[in-house]
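Undergrad: My structure is below; once you've seen it, I'll send some questions.
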Amino acid sequence: KVPTSPESSDVMLELLAWALLILVLLRALVSLEQIYSLLRPDAPSPPPLSGVPRVLLRKAALTLKGAVYLVLSRDKVSSSALRRTIDPAELEPSRVTREVRLIFVRHGESVWNLVFNRGFGPSFLWRLLSTLLHERLDAGTSCSSCPWTTPPSSTRPSRR
């Protein structure tokens, strides 16, 4: 008989709890898909669960590509380059050759920002499940959850 320590039994209990949570989330996802199909019978059916690994691999490849670019790109600004910048107070008005108007445009809140940036209160599980349902229904059909094309959330009315 192998002796077990309290720490290893705690780890096993935690792993069991995580597995149970994943199973509950998958069951909820299946229920949400059924509700979605009742609400939108004309919508195309989502790809089967067997297609999920392919989608996850594709997303992992995109994440890896982004990480490699982040590490290897020359788009970084070092602290020494920041120290070399010119202080605007030291500029002489005669040295300024032209003025440039710079307009900053702030993007809206993405779907994943809606899930994680609103806290982990009672509505977190609903936000997570509804976004996972969106991912499941959208899996393989488009790249709407890619970082550069994530659709804006519709939680706030647009200001016109």
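Naming works like this for the structure tokens: A, B, ... for the chains as they're shown, residue 1 at the start of each chain, ligands 1 onward in shown order.
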Would you pick out the contacts of stretch 35-40 of chain A at 12 Å or less, using only C-alpha atoms, so that residues sharing its chain but fewer than 4 positions from it are not included, and give the list as an MDAnalysis selection string?

TA: chainID A and resid 28:31 44:46 130 133:134 136:137

Undergrad: Please report the interatomic distance between atom CA of A:Thr131 and atom CA of A:Gln34 in Å with one decimal.

TA: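 Distance between the two atoms: 15.4 Å.
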
Undergrad: As a count of residues only, please: all residues of stretch 73-151 of chain A that backbone DSSP puts in helix (DSSP H, G or I).

TA: 32

Undergrad: By how many Å are atom CA of A:Leu25 and atom CA of A:Leu49 apart?

TA: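 These two atoms are separated by 13.9 Å.
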
Undergrad: Hey, which of A:Leu102, A:Val115, A:Ala17, A:Leu72 ends up closest to A:Leu132? Count only C-alpha atoms.

TA: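 Among the listed residues, A:Val115 lies closest to A:Leu132.
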
Undergrad: Just give me the gap between atom CA of A:Glu135 and atom CA of A:Val71 in Å, one decimal is fine.

TA: 28.1 Å
